[in-house]
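S.K.: One file: structure11.cif (mmCIF, C-alpha atoms and all ligand atoms).
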data_input
#
loop_
_atom_site.label_atom_id
_atom_site.label_comp_id
_atom_site.auth_asym_id
_atom_site.auth_seq_id
_atom_site.Cartn_x
_atom_site.Cartn_y
_atom_site.Cartn_z
CA MET A 139 -12.29 -5.44 -34.28
CA THR A 140 -15.72 -5.67 -32.69
CA LYS A 141 -15.93 -2.81 -30.26
CA GLN A 142 -18.18 -3.56 -27.29
CA GLY A 143 -17.01 -1.14 -24.60
CA LYS A 144 -16.98 2.64 -24.57
CA PHE A 145 -13.93 4.86 -24.94
CA ILE A 146 -13.82 7.99 -22.76
CA THR A 147 -10.99 10.54 -22.76
CA LEU A 148 -10.10 13.49 -20.53
CA GLU A 149 -8.42 16.52 -22.09
CA GLY A 150 -7.32 20.05 -21.29
CA VAL A 151 -4.29 22.31 -20.89
CA GLU A 152 -1.73 21.61 -18.15
CA GLY A 153 -2.87 21.73 -14.55
CA VAL A 154 -6.54 21.76 -15.50
CA GLY A 155 -7.26 18.80 -13.21
CA LYS A 156 -7.34 15.71 -15.45
CA THR A 157 -5.39 13.56 -13.00
CA SER A 158 -7.44 14.86 -10.06
CA ASN A 159 -10.69 13.92 -11.82
CA LEU A 160 -9.73 10.63 -13.45
CA ALA A 161 -10.30 8.56 -10.30
CA PHE A 162 -13.64 10.29 -9.76
CA VAL A 163 -14.80 9.40 -13.28
CA ALA A 164 -13.61 5.80 -12.88
CA ALA A 165 -15.39 5.45 -9.51
CA ARG A 166 -18.65 6.83 -10.93
CA LEU A 167 -18.55 4.40 -13.86
CA ARG A 168 -17.74 1.45 -11.59
CA ALA A 169 -20.61 2.39 -9.29
CA ALA A 170 -22.84 2.08 -12.39
CA GLY A 171 -21.56 -1.48 -12.93
CA VAL A 172 -19.01 -0.78 -15.65
CA THR A 173 -15.58 -2.47 -15.77
CA VAL A 174 -13.09 0.35 -16.32
CA VAL A 175 -9.50 0.32 -17.59
CA GLU A 176 -7.72 3.52 -16.53
CA THR A 177 -4.79 4.57 -18.66
CA ARG A 178 -2.94 7.57 -20.07
CA GLU A 179 -1.09 8.99 -23.06
CA PRO A 180 1.65 9.16 -23.88
CA GLY A 181 2.10 5.92 -21.94
CA GLY A 182 -0.10 3.08 -20.82
CA THR A 183 2.34 0.32 -21.91
CA ALA A 184 6.01 -0.42 -21.17
CA LEU A 185 7.06 0.98 -24.55
CA GLY A 186 4.65 3.91 -24.23
CA GLU A 187 6.01 4.86 -20.81
CA ALA A 188 9.58 4.69 -22.17
CA LEU A 189 8.54 7.00 -25.03
CA ARG A 190 6.79 9.27 -22.52
CA ALA A 191 10.08 9.67 -20.63
CA LEU A 192 11.80 10.69 -23.89
CA LEU A 193 8.97 13.08 -24.83
CA LEU A 194 8.57 14.81 -21.47
CA GLY A 195 12.16 14.76 -20.22
CA HIS A 196 14.74 17.40 -21.04
CA LYS A 197 17.38 15.15 -22.62
CA HIS A 198 15.97 15.87 -26.08
CA ASP A 199 14.96 19.52 -25.71
CA GLY A 200 14.32 20.96 -29.15
CA MET A 201 13.51 17.61 -30.79
CA ALA A 202 12.17 17.98 -34.36
CA GLU A 203 8.41 18.56 -34.54
CA ASP A 204 7.92 15.56 -36.81
CA ALA A 205 9.92 13.36 -34.42
CA GLU A 206 7.67 14.48 -31.55
CA LEU A 207 4.53 13.82 -33.59
CA LEU A 208 5.67 10.37 -34.71
CA LEU A 209 6.73 9.36 -31.20
CA MET A 210 3.26 10.30 -29.92
CA PHE A 211 1.70 8.03 -32.54
CA ALA A 212 4.25 5.27 -31.96
CA ALA A 213 3.24 5.24 -28.29
CA ARG A 214 -0.42 5.31 -29.36
CA ALA A 215 -0.07 2.39 -31.79
CA GLU A 216 1.39 0.24 -28.99
CA HIS A 217 -1.27 1.43 -26.56
CA LEU A 218 -4.08 0.61 -28.99
CA ALA A 219 -2.67 -2.84 -29.78
CA ARG A 220 -1.92 -3.92 -26.22
CA VAL A 221 -4.44 -2.12 -24.02
CA ILE A 222 -7.21 -0.10 -25.66
CA ARG A 223 -8.49 -2.41 -28.41
CA PRO A 224 -8.33 -5.61 -26.29
CA ALA A 225 -10.22 -3.87 -23.47
CA LEU A 226 -12.93 -2.54 -25.80
CA GLU A 227 -13.27 -5.95 -27.45
CA ARG A 228 -13.79 -7.56 -24.00
CA GLY A 229 -16.57 -5.04 -23.37
CA ASP A 230 -14.60 -3.04 -20.79
CA TRP A 231 -14.72 0.73 -20.89
CA VAL A 232 -11.44 2.58 -21.41
CA LEU A 233 -10.81 5.83 -19.56
CA CYS A 234 -7.77 7.58 -20.95
CA ASP A 235 -5.95 10.71 -19.70
CA ARG A 236 -5.35 12.39 -23.10
CA PHE A 237 -5.51 10.86 -26.60
CA THR A 238 -5.29 12.06 -30.22
CA GLU A 239 -7.27 15.22 -29.45
CA ALA A 240 -4.15 16.26 -27.47
CA THR A 241 -2.05 15.71 -30.59
CA TYR A 242 -4.28 18.07 -32.56
CA ALA A 243 -4.10 20.62 -29.73
CA TYR A 244 -0.36 20.42 -28.88
CA GLN A 245 1.38 19.32 -32.08
CA GLY A 246 -1.23 20.97 -34.33
CA GLY A 247 -2.38 24.07 -32.44
CA GLY A 248 0.76 24.54 -30.34
CA ARG A 249 3.57 23.53 -32.70
CA GLY A 250 1.80 24.37 -35.96
CA VAL A 251 1.95 20.92 -37.60
CA GLU A 252 -0.58 20.75 -40.47
CA ARG A 253 -3.86 19.15 -39.46
CA GLN A 254 -3.90 16.89 -42.54
CA ARG A 255 -0.65 15.23 -41.43
CA ILE A 256 -2.11 14.45 -38.01
CA GLU A 257 -5.30 13.20 -39.67
CA ALA A 258 -3.27 10.84 -41.90
CA LEU A 259 -1.57 9.31 -38.85
CA GLU A 260 -4.85 9.15 -36.95
CA ASN A 261 -6.49 7.19 -39.78
CA TRP A 262 -3.48 4.90 -40.17
CA VAL A 263 -3.02 4.07 -36.49
CA GLN A 264 -6.64 4.11 -35.33
CA GLY A 265 -8.67 3.11 -38.38
CA ASP A 266 -12.18 4.28 -37.51
CA LEU A 267 -11.69 4.13 -33.72
CA ARG A 268 -12.45 7.48 -32.03
CA PRO A 269 -13.39 8.33 -28.44
CA ASP A 270 -17.11 8.03 -27.71
CA LEU A 271 -16.89 10.84 -25.17
CA THR A 272 -14.22 13.48 -24.59
CA ILE A 273 -14.50 15.50 -21.39
CA LEU A 274 -12.66 18.76 -22.03
CA LEU A 275 -11.73 20.51 -18.79
CA ASP A 276 -11.40 24.15 -19.67
CA LEU A 277 -9.47 26.70 -17.65
CA SER A 278 -7.53 29.86 -18.40
CA VAL A 279 -3.93 29.18 -19.33
CA GLU A 280 -2.70 31.34 -16.45
CA GLN A 281 -4.69 29.41 -13.83
CA GLY A 282 -3.70 26.04 -15.33
CA LEU A 283 -0.01 26.86 -15.32
CA ALA A 284 -0.24 28.22 -11.77
CA ARG A 285 -1.87 24.97 -10.61
CA ALA A 286 0.65 22.82 -12.50
CA GLY A 287 3.56 24.90 -11.14
CA GLN A 288 2.50 24.22 -7.54
CA ARG A 289 2.56 20.51 -8.18
CA SER A 290 5.90 19.61 -9.80
CA ALA A 291 8.95 20.83 -11.75
CA PRO A 292 8.09 21.77 -15.36
CA ASP A 293 8.43 19.04 -18.00
CA ARG A 294 9.49 19.70 -21.62
CA PHE A 295 5.99 20.94 -22.59
CA GLU A 296 5.39 22.97 -19.45
CA LYS A 297 8.49 25.05 -20.30
CA GLU A 298 6.74 26.46 -23.38
CA HIS A 299 5.62 30.11 -23.45
CA ALA A 300 2.09 31.27 -22.66
CA ALA A 301 1.34 31.82 -26.39
CA PHE A 302 1.87 28.08 -26.98
CA PHE A 303 -0.71 27.18 -24.34
CA HIS A 304 -3.20 29.76 -25.61
CA ALA A 305 -2.93 28.11 -29.04
CA VAL A 306 -3.41 24.68 -27.41
CA ARG A 307 -6.51 25.81 -25.51
CA ASN A 308 -8.00 27.49 -28.59
CA ASP A 309 -7.44 24.34 -30.64
CA TYR A 310 -9.24 22.23 -28.03
CA LEU A 311 -12.17 24.65 -28.05
CA ARG A 312 -12.30 24.56 -31.86
CA GLN A 313 -12.34 20.75 -31.81
CA ALA A 314 -15.18 20.80 -29.27
CA GLU A 315 -17.17 23.19 -31.42
CA ALA A 316 -16.61 21.06 -34.53
CA ARG A 317 -17.59 17.79 -32.81
CA PRO A 318 -20.37 18.51 -30.30
CA ASP A 319 -21.47 14.84 -30.27
CA GLN A 320 -18.10 13.77 -28.88
CA PHE A 321 -17.03 16.68 -26.66
CA ARG A 322 -18.45 17.99 -23.39
CA ILE A 323 -16.79 21.12 -22.03
CA ILE A 324 -16.51 21.44 -18.25
CA ASP A 325 -15.57 24.72 -16.58
CA ALA A 326 -12.55 23.67 -14.47
CA GLU A 327 -12.24 26.91 -12.52
CA PRO A 328 -14.57 26.19 -9.53
CA THR A 329 -13.64 23.99 -6.56
CA LEU A 330 -12.88 20.32 -7.28
CA ALA A 331 -16.24 19.34 -5.72
CA ARG A 332 -18.14 21.62 -8.12
CA VAL A 333 -16.13 20.46 -11.12
CA GLN A 334 -16.94 16.88 -10.19
CA ALA A 335 -20.63 17.69 -9.84
CA SER A 336 -20.56 18.98 -13.44
CA ILE A 337 -18.70 15.88 -14.62
CA ALA A 338 -21.25 13.66 -12.87
CA VAL A 339 -24.09 15.23 -14.90
CA VAL A 340 -22.21 14.50 -18.15
CA LEU A 341 -21.43 10.92 -17.11
CA ASP A 342 -24.97 10.14 -16.00
CA ASP A 343 -26.28 11.42 -19.31
CA PHE A 344 -23.70 9.34 -21.21
CA LEU A 345 -24.46 6.21 -19.17
CA GLY A 346 -28.16 6.73 -19.83
CA SER A 347 -27.69 6.88 -23.60
CA ALA A 348 -25.15 4.01 -23.62
CA ARG A 349 -27.79 1.73 -22.09
CA GLN A 350 -30.58 2.57 -24.51
N1 LIG B 401 1.01 15.57 -25.17
C1 LIG B 401 1.17 16.00 -26.47
O1 LIG B 401 1.85 17.00 -26.72
N2 LIG B 401 0.56 15.31 -27.48
C2 LIG B 401 -0.17 14.19 -27.25
O2 LIG B 401 -0.68 13.60 -28.22
C3 LIG B 401 -0.34 13.76 -25.90
C4 LIG B 401 0.25 14.47 -24.89
C5 LIG B 401 -1.16 12.54 -25.62
C6 LIG B 401 1.90 15.04 -20.78
O3 LIG B 401 0.56 15.07 -20.49
C7 LIG B 401 2.24 16.02 -21.86
O4 LIG B 401 2.15 15.39 -23.12
C8 LIG B 401 1.29 17.19 -21.92
C9 LIG B 401 0.80 17.26 -23.37
C10 LIG B 401 1.68 16.31 -24.09
N3 LIG B 401 1.95 18.39 -21.69
N4 LIG B 401 2.47 18.71 -20.65
N5 LIG B 401 2.97 18.98 -19.72
P1 LIG B 401 0.04 14.94 -19.01
O5 LIG B 401 -1.43 14.89 -19.15
O6 LIG B 401 0.67 13.83 -18.32
O7 LIG B 401 0.57 16.26 -18.30
P2 LIG B 401 -0.20 17.55 -17.88
O8 LIG B 401 -1.09 18.17 -18.86
O9 LIG B 401 0.84 18.44 -17.36
O10 LIG B 401 -1.22 16.99 -16.86
P3 LIG B 401 -1.01 16.96 -15.40
O11 LIG B 401 0.32 17.47 -15.04
O12 LIG B 401 -1.27 15.58 -14.97
O13 LIG B 401 -2.11 18.01 -14.94
P4 LIG B 401 -3.64 17.74 -14.73
O14 LIG B 401 -3.84 16.28 -14.62
O15 LIG B 401 -4.47 18.41 -15.71
O16 LIG B 401 -3.91 18.44 -13.36
P5 LIG B 401 -3.84 17.81 -11.88
O17 LIG B 401 -2.47 17.20 -11.61
O18 LIG B 401 -5.01 16.98 -11.60
O19 LIG B 401 -4.01 19.15 -11.04
C11 LIG B 401 -2.97 20.11 -10.97
C12 LIG B 401 -3.01 20.79 -9.58
O20 LIG B 401 -4.21 21.54 -9.48
C13 LIG B 401 -2.99 19.80 -8.42
O21 LIG B 401 -2.24 20.37 -7.38
C14 LIG B 401 -4.47 19.71 -8.04
O22 LIG B 401 -4.63 19.42 -6.68
C15 LIG B 401 -4.96 21.11 -8.36
N6 LIG B 401 -6.37 21.16 -8.75
C16 LIG B 401 -7.03 20.29 -9.58
N7 LIG B 401 -8.31 20.68 -9.72
C17 LIG B 401 -8.48 21.80 -8.97
C18 LIG B 401 -9.58 22.67 -8.72
N8 LIG B 401 -10.80 22.46 -9.27
N9 LIG B 401 -9.38 23.73 -7.92
C19 LIG B 401 -8.17 23.96 -7.38
N10 LIG B 401 -7.09 23.18 -7.55
C20 LIG B 401 -7.23 22.11 -8.36
#
Here is a file; write its structure as structure tokens.
Ligand code: Z5A
M.R.:
Amino acid sequence: MTKQGKFITLEGVEGVGKTSNLAFVAARLRAAGVTVVETREPGGTALGEALRALLLGHKHDGMAEDAELLLMFAARAEHLARVIRPALERGDWVLCDRFTEATYAYQGGGRGVERQRIEALENWVQGDLRPDLTILLDLSVEQGLARAGQRSAPDRFEKEHAAFFHAVRNDYLRQAEARPDQFRIIDAEPTLARVQASIAVVLDDFLGSARQ
């Protein structure tokens, strides 16, 4: 594949504000003349959305950890083949609400799946494709869960205990520390307007270097 466009992902624990900020990011990129494909994981295709319903719904509470991991990557393989790679090849930019960094954080950090197993699937399904920029919205677990709780009934992940989400958050922060070229951490605690002002600085910087 010849990758022409840029691949940007938004990450963070539940309720941190990814959905609230996705449209803002897309609008800022479009204002800069970029064609943007907005999508999400798990999901983004008909098969991916069907797998999302299985993964987030309560019909399969207690599914095996390996089954959960493989379903995430099954959805991702379809997403890459049908949406992400074609868009990047056209020169469009892809803006995705969660990607493999969420697998490391939730299945790795949260569930305790060995990192090497996730890495093996990442290499198999993605080849050398990785996000160019990952915006990590960071917020305390307590505040994130409180925000998410106000919004909707808990899905299968949101029913986990606080210790699970602390492990998820810590894994995200470790990933960001290990890959400073890819990750930008945004403090998600202030008002939405202030969070978006911080995101705008990151995006303008990224747009500047993408054009050089
Ligand atoms: N998952 C996984 O385990 N492995 C994987 O590989 C992948 C995913 C890809 C679905 O993700 C689940 O899949 C997820 C991890 C797992 N676990 N869960 N649950 P999701 O992204 O669709 O679900 P989510 O994390 O719960 O995201 P969300 O529900 O869409 O939350 P959010 O997008 O981060 O937050 P929000 O909806 O934009 O905001 C929440 C509320 O806070 C809402 O009322 C906002 O108005 C409010 N808000 C937002 N920002 C602010 C600020 N700054 N101040 C005050 N209030 C705010």
S.K.: Check every protein, DNA and RNA residue against ligand LIG 401 (chain B), keep those with an atom at most 7 Å away (counting all atoms listed in the file), and present them as JSON, numbers by chain.
M.R.: {"A": [150, 151, 152, 153, 154, 155, 156, 157, 158, 159, 179, 180, 194, 210, 235, 236, 237, 238, 239, 240, 241, 244, 245, 285, 286, 288, 289, 293, 294, 295, 296, 326, 327, 328, 329, 330, 333]}
S.K.: Write to file, as a PDB file, in the coordinates of the input, the residues of the selection just made, with C-alpha atoms.
M.R.:
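Heads up, here's the output in selection_37.pdb:
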ATOM      1  CA  GLY A 150      -7.320  20.050 -21.290  1.00  0.00           C
ATOM      2  CA  VAL A 151      -4.290  22.310 -20.890  1.00  0.00           C
ATOM      3  CA  GLU A 152      -1.730  21.610 -18.150  1.00  0.00           C
ATOM      4  CA  GLY A 153      -2.870  21.730 -14.550  1.00  0.00           C
ATOM      5  CA  VAL A 154      -6.540  21.760 -15.500  1.00  0.00           C
ATOM      6  CA  GLY A 155      -7.260  18.800 -13.210  1.00  0.00           C
ATOM      7  CA  LYS A 156      -7.340  15.710 -15.450  1.00  0.00           C
ATOM      8  CA  THR A 157      -5.390  13.560 -13.000  1.00  0.00           C
ATOM      9  CA  SER A 158      -7.440  14.860 -10.060  1.00  0.00           C
ATOM     10  CA  ASN A 159     -10.690  13.920 -11.820  1.00  0.00           C
ATOM     11  CA  GLU A 179      -1.090   8.990 -23.060  1.00  0.00           C
ATOM     12  CA  PRO A 180       1.650   9.160 -23.880  1.00  0.00           C
ATOM     13  CA  LEU A 194       8.570  14.810 -21.470  1.00  0.00           C
ATOM     14  CA  MET A 210       3.260  10.300 -29.920  1.00  0.00           C
ATOM     15  CA  ASP A 235      -5.950  10.710 -19.700  1.00  0.00           C
ATOM     16  CA  ARG A 236      -5.350  12.390 -23.100  1.00  0.00           C
ATOM     17  CA  PHE A 237      -5.510  10.860 -26.600  1.00  0.00           C
ATOM     18  CA  THR A 238      -5.290  12.060 -30.220  1.00  0.00           C
ATOM     19  CA  GLU A 239      -7.270  15.220 -29.450  1.00  0.00           C
ATOM     20  CA  ALA A 240      -4.150  16.260 -27.470  1.00  0.00           C
ATOM     21  CA  THR A 241      -2.050  15.710 -30.590  1.00  0.00           C
ATOM     22  CA  TYR A 244      -0.360  20.420 -28.880  1.00  0.00           C
ATOM     23  CA  GLN A 245       1.380  19.320 -32.080  1.00  0.00           C
ATOM     24  CA  ARG A 285      -1.870  24.970 -10.610  1.00  0.00           C
ATOM     25  CA  ALA A 286       0.650  22.820 -12.500  1.00  0.00           C
ATOM     26  CA  GLN A 288       2.500  24.220  -7.540  1.00  0.00           C
ATOM     27  CA  ARG A 289       2.560  20.510  -8.180  1.00  0.00           C
ATOM     28  CA  ASP A 293       8.430  19.040 -18.000  1.00  0.00           C
ATOM     29  CA  ARG A 294       9.490  19.700 -21.620  1.00  0.00           C
ATOM     30  CA  PHE A 295       5.990  20.940 -22.590  1.00  0.00           C
ATOM     31  CA  GLU A 296       5.390  22.970 -19.450  1.00  0.00           C
ATOM     32  CA  ALA A 326     -12.550  23.670 -14.470  1.00  0.00           C
ATOM     33  CA  GLU A 327     -12.240  26.910 -12.520  1.00  0.00           C
ATOM     34  CA  PRO A 328     -14.570  26.190  -9.530  1.00  0.00           C
ATOM     35  CA  THR A 329     -13.640  23.990  -6.560  1.00  0.00           C
ATOM     36  CA  LEU A 330     -12.880  20.320  -7.280  1.00  0.00           C
ATOM     37  CA  VAL A 333     -16.130  20.460 -11.120  1.00  0.00           C
TER      38      VAL A 333
END
S.K.: For a quick check of understanding, using only C-alpha atoms, which of A:Val251, A:Val232, A:Arg168, A:Thr147 has the smallest distance to Ala205 of chain A?
M.R.: A:Val251
S.K.: Between atom CA of Arg268 of chain A and atom CA of Asp309 of chain A, what is the distance, to one decimal in Å?
M.R.: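 Interatomic distance here is 17.6 Å.
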S.K.: Which one is closest to Glu216 of chain A: A:Thr183, A:Ala191, A:His198, A:Ala243? Count all atoms listed in the file.
M.R.: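 That would be A:Thr183, the residue with the smallest distance to Glu216 of chain A.
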S.K.: Closest to Leu274 of chain A among A:Asp204, A:Asp230, A:Glu260, A:Asp325, using all atoms listed in the file?
M.R.: A:Asp325
S.K.: Might you pull out every residue within 8 Å of Ile273 of chain A, with all atoms listed in the file counted and same-chain residues fewer than 4 positions away left off, and present them as a list in words?
M.R.: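 Surrounding residues, per the criterion: Ile146, Thr147, Leu148, Glu149, Phe321, Arg322, Ile323, Ile324 and Ile337 of chain A.
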S.K.: In Å, with one decimal, what is the gap from atom CA of Trp231 of chain A to atom CA of Gln254 of chain A?
M.R.: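 These two atoms are separated by 29.1 Å.
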S.K.: Around (-2.7, 24.5, -30.4) in the file's own coordinates, what residues are found within 8 Å if you use only C-alpha atoms, given back as a VMD selection string?
M.R.: chain A and resid 242 to 250 302 to 310
S.K.: What would segment 246-270 of chain A look like with N, CA and C atoms in place, written as an mmCIF file, in the coordinates of the input?
M.R.:
data_model
loop_
_atom_site.group_PDB
_atom_site.id
_atom_site.type_symbol
_atom_site.label_atom_id
_atom_site.label_comp_id
_atom_site.auth_asym_id
_atom_site.auth_seq_id
_atom_site.Cartn_x
_atom_site.Cartn_y
_atom_site.Cartn_z
ATOM 1 N N GLY A 246 -0.565 20.166 -33.308
ATOM 2 C CA GLY A 246 -1.230 20.970 -34.330
ATOM 3 C C GLY A 246 -1.331 22.431 -33.908
ATOM 4 N N GLY A 247 -2.182 22.682 -32.886
ATOM 5 C CA GLY A 247 -2.380 24.070 -32.440
ATOM 6 C C GLY A 247 -1.104 24.699 -31.890
ATOM 7 N N GLY A 248 -0.428 23.976 -31.004
ATOM 8 C CA GLY A 248 0.760 24.540 -30.340
ATOM 9 C C GLY A 248 1.974 24.648 -31.243
ATOM 10 N N ARG A 249 2.343 23.546 -31.878
ATOM 11 C CA ARG A 249 3.570 23.530 -32.700
ATOM 12 C C ARG A 249 3.339 23.998 -34.136
ATOM 13 N N GLY A 250 2.091 23.917 -34.601
ATOM 14 C CA GLY A 250 1.800 24.370 -35.960
ATOM 15 C C GLY A 250 1.914 23.291 -37.027
ATOM 16 N N VAL A 251 1.941 22.010 -36.613
ATOM 17 C CA VAL A 251 1.950 20.920 -37.600
ATOM 18 C C VAL A 251 0.602 20.930 -38.344
ATOM 19 N N GLU A 252 0.665 20.725 -39.670
ATOM 20 C CA GLU A 252 -0.580 20.750 -40.470
ATOM 21 C C GLU A 252 -1.548 19.665 -40.017
ATOM 22 N N ARG A 253 -2.804 20.061 -39.919
ATOM 23 C CA ARG A 253 -3.860 19.150 -39.460
ATOM 24 C C ARG A 253 -3.945 17.886 -40.319
ATOM 25 N N GLN A 254 -3.763 18.051 -41.633
ATOM 26 C CA GLN A 254 -3.900 16.890 -42.540
ATOM 27 C C GLN A 254 -2.864 15.817 -42.222
ATOM 28 N N ARG A 255 -1.694 16.227 -41.746
ATOM 29 C CA ARG A 255 -0.650 15.230 -41.430
ATOM 30 C C ARG A 255 -1.055 14.433 -40.182
ATOM 31 N N ILE A 256 -1.645 15.141 -39.221
ATOM 32 C CA ILE A 256 -2.110 14.450 -38.010
ATOM 33 C C ILE A 256 -3.265 13.510 -38.382
ATOM 34 N N GLU A 257 -4.143 14.006 -39.234
ATOM 35 C CA GLU A 257 -5.300 13.200 -39.670
ATOM 36 C C GLU A 257 -4.834 11.915 -40.351
ATOM 37 N N ALA A 258 -3.784 12.021 -41.185
ATOM 38 C CA ALA A 258 -3.270 10.840 -41.900
ATOM 39 C C ALA A 258 -2.780 9.799 -40.900
ATOM 40 N N LEU A 259 -2.060 10.255 -39.860
ATOM 41 C CA LEU A 259 -1.570 9.310 -38.850
ATOM 42 C C LEU A 259 -2.724 8.744 -38.019
ATOM 43 N N GLU A 260 -3.674 9.593 -37.721
ATOM 44 C CA GLU A 260 -4.850 9.150 -36.950
ATOM 45 C C GLU A 260 -5.568 8.017 -37.700
ATOM 46 N N ASN A 261 -5.786 8.206 -38.997
ATOM 47 C CA ASN A 261 -6.490 7.190 -39.780
ATOM 48 C C ASN A 261 -5.675 5.912 -39.893
ATOM 49 N N TRP A 262 -4.362 6.057 -40.055
ATOM 50 C CA TRP A 262 -3.480 4.900 -40.170
ATOM 51 C C TRP A 262 -3.472 4.085 -38.870
ATOM 52 N N VAL A 263 -3.233 4.773 -37.762
ATOM 53 C CA VAL A 263 -3.020 4.070 -36.490
ATOM 54 C C VAL A 263 -4.340 3.618 -35.856
ATOM 55 N N GLN A 264 -5.394 4.415 -36.025
ATOM 56 C CA GLN A 264 -6.640 4.110 -35.330
ATOM 57 C C GLN A 264 -7.709 3.479 -36.206
ATOM 58 N N GLY A 265 -7.537 3.511 -37.542
ATOM 59 C CA GLY A 265 -8.670 3.110 -38.380
ATOM 60 C C GLY A 265 -9.837 4.024 -38.055
ATOM 61 N N ASP A 266 -11.028 3.413 -37.794
ATOM 62 C CA ASP A 266 -12.180 4.280 -37.510
ATOM 63 C C ASP A 266 -12.433 4.448 -36.007
ATOM 64 N N LEU A 267 -11.487 4.005 -35.167
ATOM 65 C CA LEU A 267 -11.690 4.130 -33.720
ATOM 66 C C LEU A 267 -11.488 5.579 -33.250
ATOM 67 N N ARG A 268 -12.508 6.137 -32.606
ATOM 68 C CA ARG A 268 -12.450 7.480 -32.030
ATOM 69 C C ARG A 268 -13.079 7.417 -30.647
ATOM 70 N N PRO A 269 -12.723 8.338 -29.750
ATOM 71 C CA PRO A 269 -13.390 8.330 -28.440
ATOM 72 C C PRO A 269 -14.892 8.532 -28.592
ATOM 73 N N ASP A 270 -15.657 7.841 -27.717
ATOM 74 C CA ASP A 270 -17.110 8.030 -27.710
ATOM 75 C C ASP A 270 -17.471 9.311 -26.974
#
